[in-house]
file my_file.txt (compact mmCIF, C-alpha atoms)
# COMPACT_ATOMS: atom_id res chain seq x y z
CA MET A 34 -76.07 4.36 57.94
CA THR A 35 -77.40 6.99 60.34
CA LEU A 36 -76.17 5.03 63.36
CA ALA A 37 -72.73 4.73 61.80
CA ILE A 38 -72.60 8.50 61.29
CA PHE A 39 -73.87 9.10 64.83
CA PHE A 40 -71.30 6.90 66.57
CA GLY A 41 -68.50 7.91 64.20
CA CYS A 42 -69.04 11.62 64.80
CA THR A 43 -69.44 11.04 68.54
CA PHE A 44 -66.12 9.19 68.84
CA ILE A 45 -64.32 11.73 66.66
CA ALA A 46 -65.63 14.71 68.62
CA PHE A 47 -65.41 13.35 72.17
CA GLY A 48 -63.18 10.26 72.01
CA PRO A 49 -59.83 12.03 72.60
CA ALA A 50 -61.34 14.24 75.32
CA LEU A 51 -62.80 11.17 77.01
CA GLY A 52 -59.31 9.67 77.02
CA LEU A 53 -57.95 12.80 78.72
CA PHE A 54 -60.67 12.59 81.34
CA LEU A 55 -60.24 8.88 82.08
CA PHE A 56 -56.44 8.85 82.27
CA THR A 57 -55.72 12.20 83.92
CA ILE A 58 -58.82 13.38 85.82
CA ALA A 59 -61.31 10.62 86.67
CA ARG A 60 -59.31 9.11 89.56
CA ASP A 61 -58.94 12.39 91.46
CA PRO A 62 -62.11 13.75 93.15
CA LEU A 63 -60.63 17.25 93.45
CA ARG A 64 -59.91 17.38 89.73
CA ILE A 65 -63.44 16.25 88.94
CA ILE A 66 -64.82 19.10 91.06
CA ILE A 67 -62.59 21.62 89.29
CA LEU A 68 -63.65 20.24 85.89
CA ILE A 69 -67.37 20.47 86.71
CA ALA A 70 -66.96 23.99 88.06
CA GLY A 71 -65.07 25.02 84.92
CA ALA A 72 -67.86 23.61 82.75
CA PHE A 73 -70.36 25.59 84.84
CA PHE A 74 -68.42 28.85 84.35
CA TRP A 75 -68.41 28.30 80.58
CA LEU A 76 -72.14 27.55 80.68
CA VAL A 77 -72.89 30.80 82.53
CA SER A 78 -70.86 32.78 79.98
CA LEU A 79 -72.84 31.18 77.15
CA LEU A 80 -76.13 31.96 78.89
CA LEU A 81 -75.26 35.64 79.32
CA SER A 82 -73.95 36.07 75.76
CA SER A 83 -77.00 34.27 74.34
CA LEU A 84 -79.28 36.57 76.32
CA ILE A 85 -77.54 39.69 74.99
CA TRP A 86 -77.69 38.38 71.40
CA PHE A 87 -81.38 37.42 71.78
CA ILE A 88 -82.28 40.90 73.04
CA ALA A 89 -80.33 42.53 70.19
CA VAL A 90 -82.07 40.37 67.56
CA LYS A 91 -85.53 41.03 68.98
CA ALA A 92 -84.86 44.78 69.10
CA SER A 93 -83.73 44.90 65.44
CA ASN A 94 -85.45 44.53 62.09
CA PRO A 95 -85.62 40.79 61.24
CA LEU A 96 -85.94 41.58 57.51
CA ASP A 97 -82.65 43.45 57.38
CA GLU A 98 -80.28 40.64 56.37
CA PRO A 99 -77.02 42.65 56.57
CA LEU A 100 -77.98 43.80 60.05
CA GLN A 101 -78.84 40.26 61.17
CA LYS A 102 -75.51 38.97 59.84
CA GLY A 103 -73.73 41.76 61.67
CA LEU A 104 -75.56 40.86 64.88
CA LEU A 105 -74.51 37.23 64.44
CA ILE A 106 -70.86 38.25 64.08
CA PHE A 107 -71.24 40.55 67.09
CA GLY A 108 -72.80 37.71 69.10
CA VAL A 109 -69.93 35.33 68.33
CA MET A 110 -67.21 37.86 69.14
CA PHE A 111 -68.99 39.00 72.31
CA SER A 112 -69.39 35.39 73.40
CA VAL A 113 -65.65 34.78 72.97
CA LEU A 114 -64.76 37.82 75.06
CA LEU A 115 -67.25 36.82 77.74
CA GLN A 116 -65.85 33.28 77.86
CA GLU A 117 -62.36 34.64 78.42
CA ALA A 118 -63.67 37.02 81.09
CA PHE A 119 -65.21 34.06 82.91
CA ARG A 120 -61.96 32.13 82.48
CA PHE A 121 -60.24 34.98 84.32
CA LEU A 122 -62.89 34.95 87.06
CA TYR A 123 -62.41 31.20 87.41
CA TYR A 124 -58.66 31.69 87.73
CA LYS A 125 -59.21 34.18 90.56
CA LEU A 126 -61.56 31.74 92.27
CA LEU A 127 -59.09 28.86 91.99
CA ARG A 128 -56.29 31.09 93.30
CA LYS A 129 -58.37 31.72 96.42
CA ALA A 130 -59.10 27.99 96.66
CA ILE A 131 -55.38 27.18 96.64
CA GLU A 132 -54.81 29.59 99.50
CA GLY A 133 -57.57 27.85 101.44
CA LEU A 134 -56.17 24.39 100.70
CA VAL A 135 -52.71 25.47 101.86
CA ALA A 136 -54.16 26.85 105.09
CA LEU A 137 -56.00 23.59 105.78
CA SER A 138 -53.20 21.20 104.87
CA GLU A 139 -50.90 19.82 107.56
CA ASP A 140 -47.70 20.26 105.54
CA GLY A 141 -48.56 23.72 104.21
CA CYS A 142 -48.71 22.53 100.60
CA SER A 143 -51.61 22.48 98.20
CA PRO A 144 -52.66 19.00 96.97
CA ILE A 145 -52.92 20.38 93.44
CA SER A 146 -50.81 22.98 91.63
CA ILE A 147 -52.10 25.94 89.65
CA GLN A 148 -50.72 24.32 86.48
CA GLN A 149 -52.82 21.21 87.11
CA MET A 150 -55.83 23.38 87.85
CA ALA A 151 -55.31 25.23 84.58
CA TYR A 152 -55.28 21.96 82.65
CA VAL A 153 -58.39 20.54 84.33
CA ALA A 154 -60.26 23.83 84.04
CA GLY A 155 -59.40 23.97 80.34
CA VAL A 156 -60.76 20.46 79.83
CA GLY A 157 -63.96 21.51 81.63
CA PHE A 158 -64.37 24.54 79.37
CA GLY A 159 -63.67 22.40 76.30
CA LEU A 160 -66.04 19.55 77.15
CA MET A 161 -68.97 21.86 77.82
CA SER A 162 -68.20 23.86 74.68
CA GLY A 163 -68.01 20.66 72.64
CA ALA A 164 -71.25 19.33 74.11
CA PHE A 165 -73.20 22.44 73.14
CA SER A 166 -71.58 22.48 69.70
CA MET A 167 -72.36 18.87 68.86
CA ILE A 168 -75.40 17.57 70.76
CA ASN A 169 -78.03 18.95 68.37
CA LEU A 170 -76.00 17.87 65.34
CA LEU A 171 -75.71 14.35 66.70
CA ALA A 172 -79.48 14.24 67.12
CA ASP A 173 -79.86 15.29 63.48
CA THR A 174 -77.59 12.47 62.29
CA LEU A 175 -80.29 9.98 63.25
CA GLY A 176 -82.53 11.31 60.48
CA PRO A 177 -84.91 11.56 58.82
CA GLY A 178 -83.14 14.20 56.69
CA THR A 179 -80.37 13.56 54.17
CA VAL A 180 -77.23 15.68 54.14
CA GLY A 181 -76.35 17.19 50.76
CA ILE A 182 -79.65 16.36 49.07
CA HIS A 183 -79.77 19.85 47.55
CA GLY A 184 -76.19 19.77 46.32
CA ASP A 185 -74.54 20.92 49.57
CA SER A 186 -71.49 19.23 51.06
CA GLN A 187 -72.07 15.76 52.50
CA LEU A 188 -69.19 16.27 54.92
CA TYR A 189 -71.15 18.58 57.23
CA PHE A 190 -71.40 16.19 60.19
CA LEU A 191 -67.85 14.89 59.77
CA THR A 192 -66.28 18.36 59.64
CA SER A 193 -68.41 19.48 62.59
CA ALA A 194 -67.07 16.54 64.61
CA PHE A 195 -63.46 17.40 63.77
CA MET A 196 -64.14 21.05 64.60
CA THR A 197 -65.61 20.07 67.97
CA MET A 198 -62.56 17.94 68.74
CA VAL A 199 -60.14 20.76 67.96
CA LEU A 200 -62.15 23.22 70.07
CA ILE A 201 -61.99 20.90 73.09
CA PHE A 202 -58.22 20.63 72.76
CA LEU A 203 -57.86 24.36 72.14
CA HIS A 204 -59.77 25.21 75.30
CA THR A 205 -57.47 22.85 77.21
CA PHE A 206 -54.32 24.52 75.88
CA TRP A 207 -55.82 28.01 76.21
CA GLY A 208 -56.53 27.29 79.87
CA ILE A 209 -52.85 26.48 80.48
CA LEU A 210 -51.65 29.57 78.60
CA PHE A 211 -54.23 31.87 80.18
CA PHE A 212 -53.55 30.76 83.75
CA HIS A 213 -49.79 30.99 83.19
CA GLY A 214 -50.23 34.54 81.91
CA CYS A 215 -52.33 35.48 84.93
CA GLU A 216 -49.96 33.79 87.38
CA HIS A 217 -46.85 35.55 86.03
CA GLN A 218 -48.59 38.72 84.84
CA HIS A 219 -47.64 38.03 81.23
CA TRP A 220 -50.56 39.90 79.76
CA TRP A 221 -49.41 39.25 76.22
CA GLU A 222 -50.07 35.54 76.78
CA ILE A 223 -53.65 36.35 77.79
CA THR A 224 -53.97 38.58 74.74
CA ALA A 225 -52.66 35.79 72.52
CA VAL A 226 -55.31 33.41 73.88
CA ILE A 227 -58.07 35.92 73.18
CA VAL A 228 -56.78 36.59 69.67
CA MET A 229 -56.54 32.86 68.90
CA HIS A 230 -60.05 32.30 70.25
CA LEU A 231 -61.42 35.14 68.11
CA ALA A 232 -59.58 33.80 65.07
CA VAL A 233 -60.92 30.26 65.44
CA SER A 234 -64.46 31.46 66.04
CA GLY A 235 -64.24 33.91 63.16
CA SER A 236 -62.95 31.22 60.80
CA THR A 237 -66.25 29.35 61.14
CA PHE A 238 -67.86 32.09 59.06
CA CYS A 239 -65.95 30.61 56.11
CA ASN A 240 -68.28 27.59 56.20
CA PRO A 241 -69.44 25.78 54.09
CA LEU A 242 -65.87 26.22 52.82
CA TYR A 243 -64.79 23.85 55.59
CA MET A 244 -61.08 23.90 54.76
CA GLY A 245 -61.14 27.61 55.54
CA SER A 246 -62.03 26.88 59.16
CA LEU A 247 -60.50 23.44 59.84
CA VAL A 248 -56.98 24.07 58.54
CA PRO A 249 -56.36 27.35 60.46
CA SER A 250 -57.93 25.84 63.60
CA TYR A 251 -55.66 22.79 63.55
CA LEU A 252 -52.61 24.94 62.87
CA LEU A 253 -53.50 27.12 65.85
CA MET A 254 -54.06 23.98 67.93
CA ALA A 255 -50.56 22.73 67.10
CA THR A 256 -49.13 26.15 68.01
CA ALA A 257 -51.07 26.35 71.27
CA ALA A 258 -50.15 22.75 72.18
CA THR A 259 -46.43 23.38 71.66
CA TRP A 260 -46.59 26.63 73.59
CA ALA A 261 -48.51 25.04 76.50
CA TYR A 262 -46.08 22.11 76.56
CA LEU A 263 -43.09 24.43 76.88
CA LEU A 264 -44.74 26.59 79.55
CA SER A 265 -45.54 23.44 81.55
CA GLY A 266 -41.85 22.58 81.74
CA GLY A 267 -41.62 20.36 78.70
CA SER A 268 -38.66 20.31 76.36
CA ALA A 269 -37.51 18.57 73.20
CA GLN A 270 -35.13 16.45 75.30
CA ASN A 271 -37.96 15.23 77.55
CA LEU A 272 -40.07 14.38 74.53
CA GLN A 273 -37.19 12.47 72.96
CA ARG A 274 -36.65 10.47 76.15
CA PHE A 275 -40.34 9.63 76.30
CA LEU A 276 -40.39 8.41 72.71
CA LEU A 277 -37.28 6.32 73.30
CA CYS A 278 -38.93 4.70 76.32
CA LEU A 279 -41.99 3.87 74.24
CA ARG A 280 -39.85 2.25 71.54
CA SER A 281 -37.92 0.17 74.05
CA GLY A 282 -41.05 -0.82 75.94
CA ALA A 283 -39.73 0.57 79.24
CA SER A 284 -41.68 2.77 81.58
CA PRO A 285 -40.49 6.40 81.76
CA GLN A 286 -38.72 7.10 85.06
CA LEU A 287 -38.95 10.40 86.91
CA GLU A 288 -35.69 12.03 87.80
CA SER A 289 -35.06 12.55 91.50

call {"tool": "encode", "arguments": {"input": "my_file.txt", "output": "structure tokens"}}
result
Amino acid sequence: MTLAIFFGCTFIAFGPALGLFLFTIARDPLRIIILIAGAFFWLVSLLLSSLIWFIAVKASNPLDEPLQKGLLIFGVMFSVLLQEAFRFLYYKLLRKAIEGLVALSEDGCSPISIQQMAYVAGVGFGLMSGAFSMINLLADTLGPGTVGIHGDSQLYFLTSAFMTMVLIFLHTFWGILFFHGCEHQHWWEITAVIVMHLAVSGSTFCNPLYMGSLVPSYLLMATAATWAYLLSGGSAQNLQRFLLCLRSGASPQLES
């Protein structure tokens, strides 16, 4: 039973993201480098925010429960802001990289667009975030404990897997929205990403009322996905053509 939970939660949390990686990133060495660098930037932001939270906890009274809860909320919110700050730094770095690639190319064009970089960087942020969210939980699924033995919800691992999946997708869409806002100086788009990130992270404090965190997170994911699709040049007409091609079994053709 524990192995079934382990593999089930693993495929739920990382299966869709693995599909994104295999079909859109794995064949391009440049995209793999951008993904790994994005994961590294997220990791550094987590390290710094964890250090600040650790110092704050050690400097406070551990017996003061309201204070410790307040520090936990502060740590989560500070971590979100730091992640978005590092996303901005990564955008600036990639912008410089594009300038270098254009200077080195023979035709004066970059081999990868800023929109593609935004997508790959978002996947990198999401995969590293998902890994840190789920690795320890996956280890716990192998036992020897039993979930819900004291009357708690037995859906803890399952809901954690679905939450990890939505966070990976959200980071991907947030990357597209954030980079688009930086590229066109639409600061309200950047603000919207930060607000959505704070909202999703804050909703986790509703646990163990899991519907209070999962439902808003998936609604925000649908909103962010639609928004990112439109900013990337998508339209309802393009989506309709794609679905018609799938039904007819034909391959979608690019317009010249």

call {"tool": "closest_residue", "arguments": {"input": "my_file.txt", "among": "A:Pro144, A:Gly157, A:Gly41, A:Gly133", "to": "Ser193 of chain A", "atoms": "only C-alpha atoms"}}
result
A:Gly41

call {"tool": "closest_residue", "arguments": {"input": "my_file.txt", "among": "A:Leu81, A:Ile209, A:Ile106, A:Leu53", "to": "Tyr262 of chain A", "atoms": "all atoms listed in the file"}}
result
A:Ile209

call {"tool": "residues_around", "arguments": {"input": "my_file.txt", "residues": "Val77 of chain A", "least_positions_apart": "6", "cutoff": "12 Å", "atoms": "all atoms listed in the file", "output": "VMD selection string"}}
result
chain A and resid 70 to 71 83 to 84 112 115 to 120 122 to 123 158 161 to 162

call {"tool": "atom_distance", "arguments": {"input": "my_file.txt", "atom1": "atom CA of Gly235 of chain A", "atom2": "atom CA of Asp173 of chain A"}}
result
24.3 Å

call {"tool": "build_atoms", "arguments": {"input": "my_file.txt", "residues": "segment 228-258 of chain A", "atoms": "N, CA and C atoms", "output": "mmCIF file, in the coordinates of the input"}}
result
data_model
loop_
_atom_site.group_PDB
_atom_site.id
_atom_site.type_symbol
_atom_site.label_atom_id
_atom_site.label_comp_id
_atom_site.auth_asym_id
_atom_site.auth_seq_id
_atom_site.Cartn_x
_atom_site.Cartn_y
_atom_site.Cartn_z
ATOM 1 N N VAL A 228 -56.891 36.436 71.125
ATOM 2 C CA VAL A 228 -56.780 36.590 69.670
ATOM 3 C C VAL A 228 -56.974 35.252 68.964
ATOM 4 N N MET A 229 -56.363 34.178 69.501
ATOM 5 C CA MET A 229 -56.540 32.860 68.900
ATOM 6 C C MET A 229 -58.001 32.416 68.966
ATOM 7 N N HIS A 230 -58.647 32.686 70.093
ATOM 8 C CA HIS A 230 -60.050 32.300 70.250
ATOM 9 C C HIS A 230 -60.928 33.059 69.250
ATOM 10 N N LEU A 231 -60.669 34.349 69.091
ATOM 11 C CA LEU A 231 -61.420 35.140 68.110
ATOM 12 C C LEU A 231 -61.170 34.646 66.692
ATOM 13 N N ALA A 232 -59.923 34.275 66.409
ATOM 14 C CA ALA A 232 -59.580 33.800 65.070
ATOM 15 C C ALA A 232 -60.276 32.493 64.735
ATOM 16 N N VAL A 233 -60.276 31.558 65.685
ATOM 17 C CA VAL A 233 -60.920 30.260 65.440
ATOM 18 C C VAL A 233 -62.427 30.436 65.277
ATOM 19 N N SER A 234 -63.023 31.233 66.150
ATOM 20 C CA SER A 234 -64.460 31.460 66.040
ATOM 21 C C SER A 234 -64.809 32.194 64.749
ATOM 22 N N GLY A 235 -63.993 33.174 64.385
ATOM 23 C CA GLY A 235 -64.240 33.910 63.160
ATOM 24 C C GLY A 235 -64.069 33.069 61.912
ATOM 25 N N SER A 236 -63.177 32.072 61.971
ATOM 26 C CA SER A 236 -62.950 31.220 60.800
ATOM 27 C C SER A 236 -64.164 30.383 60.449
ATOM 28 N N THR A 237 -65.057 30.153 61.422
ATOM 29 C CA THR A 237 -66.250 29.350 61.140
ATOM 30 C C THR A 237 -67.194 30.067 60.181
ATOM 31 N N PHE A 238 -67.025 31.372 60.013
ATOM 32 C CA PHE A 238 -67.860 32.090 59.060
ATOM 33 C C PHE A 238 -67.456 31.777 57.613
ATOM 34 N N CYS A 239 -66.346 31.076 57.449
ATOM 35 C CA CYS A 239 -65.950 30.610 56.110
ATOM 36 C C CYS A 239 -66.777 29.419 55.651
ATOM 37 N N ASN A 240 -67.450 28.739 56.571
ATOM 38 C CA ASN A 240 -68.280 27.590 56.200
ATOM 39 C C ASN A 240 -69.414 28.037 55.260
ATOM 40 N N PRO A 241 -69.790 27.197 54.281
ATOM 41 C CA PRO A 241 -69.440 25.780 54.090
ATOM 42 C C PRO A 241 -68.117 25.505 53.381
ATOM 43 N N LEU A 242 -67.226 26.496 53.291
ATOM 44 C CA LEU A 242 -65.870 26.220 52.820
ATOM 45 C C LEU A 242 -65.088 25.710 54.028
ATOM 46 N N TYR A 243 -65.249 24.394 54.316
ATOM 47 C CA TYR A 243 -64.790 23.850 55.590
ATOM 48 C C TYR A 243 -63.275 23.901 55.742
ATOM 49 N N MET A 244 -62.541 23.827 54.655
ATOM 50 C CA MET A 244 -61.080 23.900 54.760
ATOM 51 C C MET A 244 -60.647 25.259 55.284
ATOM 52 N N GLY A 245 -61.473 26.276 55.064
ATOM 53 C CA GLY A 245 -61.140 27.610 55.540
ATOM 54 C C GLY A 245 -61.231 27.755 57.046
ATOM 55 N N SER A 246 -61.929 26.838 57.703
ATOM 56 C CA SER A 246 -62.030 26.880 59.160
ATOM 57 C C SER A 246 -61.218 25.759 59.819
ATOM 58 N N LEU A 247 -61.198 24.572 59.221
ATOM 59 C CA LEU A 247 -60.500 23.440 59.840
ATOM 60 C C LEU A 247 -58.987 23.605 59.816
ATOM 61 N N VAL A 248 -58.439 23.979 58.661
ATOM 62 C CA VAL A 248 -56.980 24.070 58.540
ATOM 63 C C VAL A 248 -56.398 25.125 59.485
ATOM 64 N N PRO A 249 -56.910 26.365 59.507
ATOM 65 C CA PRO A 249 -56.360 27.350 60.460
ATOM 66 C C PRO A 249 -56.545 26.906 61.917
ATOM 67 N N SER A 250 -57.673 26.266 62.218
ATOM 68 C CA SER A 250 -57.930 25.840 63.600
ATOM 69 C C SER A 250 -56.927 24.790 64.055
ATOM 70 N N TYR A 251 -56.618 23.833 63.180
ATOM 71 C CA TYR A 251 -55.660 22.790 63.550
ATOM 72 C C TYR A 251 -54.233 23.340 63.615
ATOM 73 N N LEU A 252 -53.925 24.305 62.785
ATOM 74 C CA LEU A 252 -52.610 24.940 62.870
ATOM 75 C C LEU A 252 -52.468 25.707 64.190
ATOM 76 N N LEU A 253 -53.527 26.411 64.576
ATOM 77 C CA LEU A 253 -53.500 27.120 65.850
ATOM 78 C C LEU A 253 -53.449 26.140 67.023
ATOM 79 N N MET A 254 -54.112 24.993 66.876
ATOM 80 C CA MET A 254 -54.060 23.980 67.930
ATOM 81 C C MET A 254 -52.632 23.467 68.112
ATOM 82 N N ALA A 255 -51.941 23.196 67.011
ATOM 83 C CA ALA A 255 -50.560 22.730 67.100
ATOM 84 C C ALA A 255 -49.676 23.786 67.752
ATOM 85 N N THR A 256 -49.900 25.054 67.405
ATOM 86 C CA THR A 256 -49.130 26.150 68.010
ATOM 87 C C THR A 256 -49.400 26.253 69.499
ATOM 88 N N ALA A 257 -50.694 26.238 69.865
ATOM 89 C CA ALA A 257 -51.070 26.350 71.270
ATOM 90 C C ALA A 257 -50.575 25.146 72.077
ATOM 91 N N ALA A 258 -50.610 23.948 71.481
ATOM 92 C CA ALA A 258 -50.150 22.750 72.180
ATOM 93 C C ALA A 258 -48.654 22.824 72.462
#
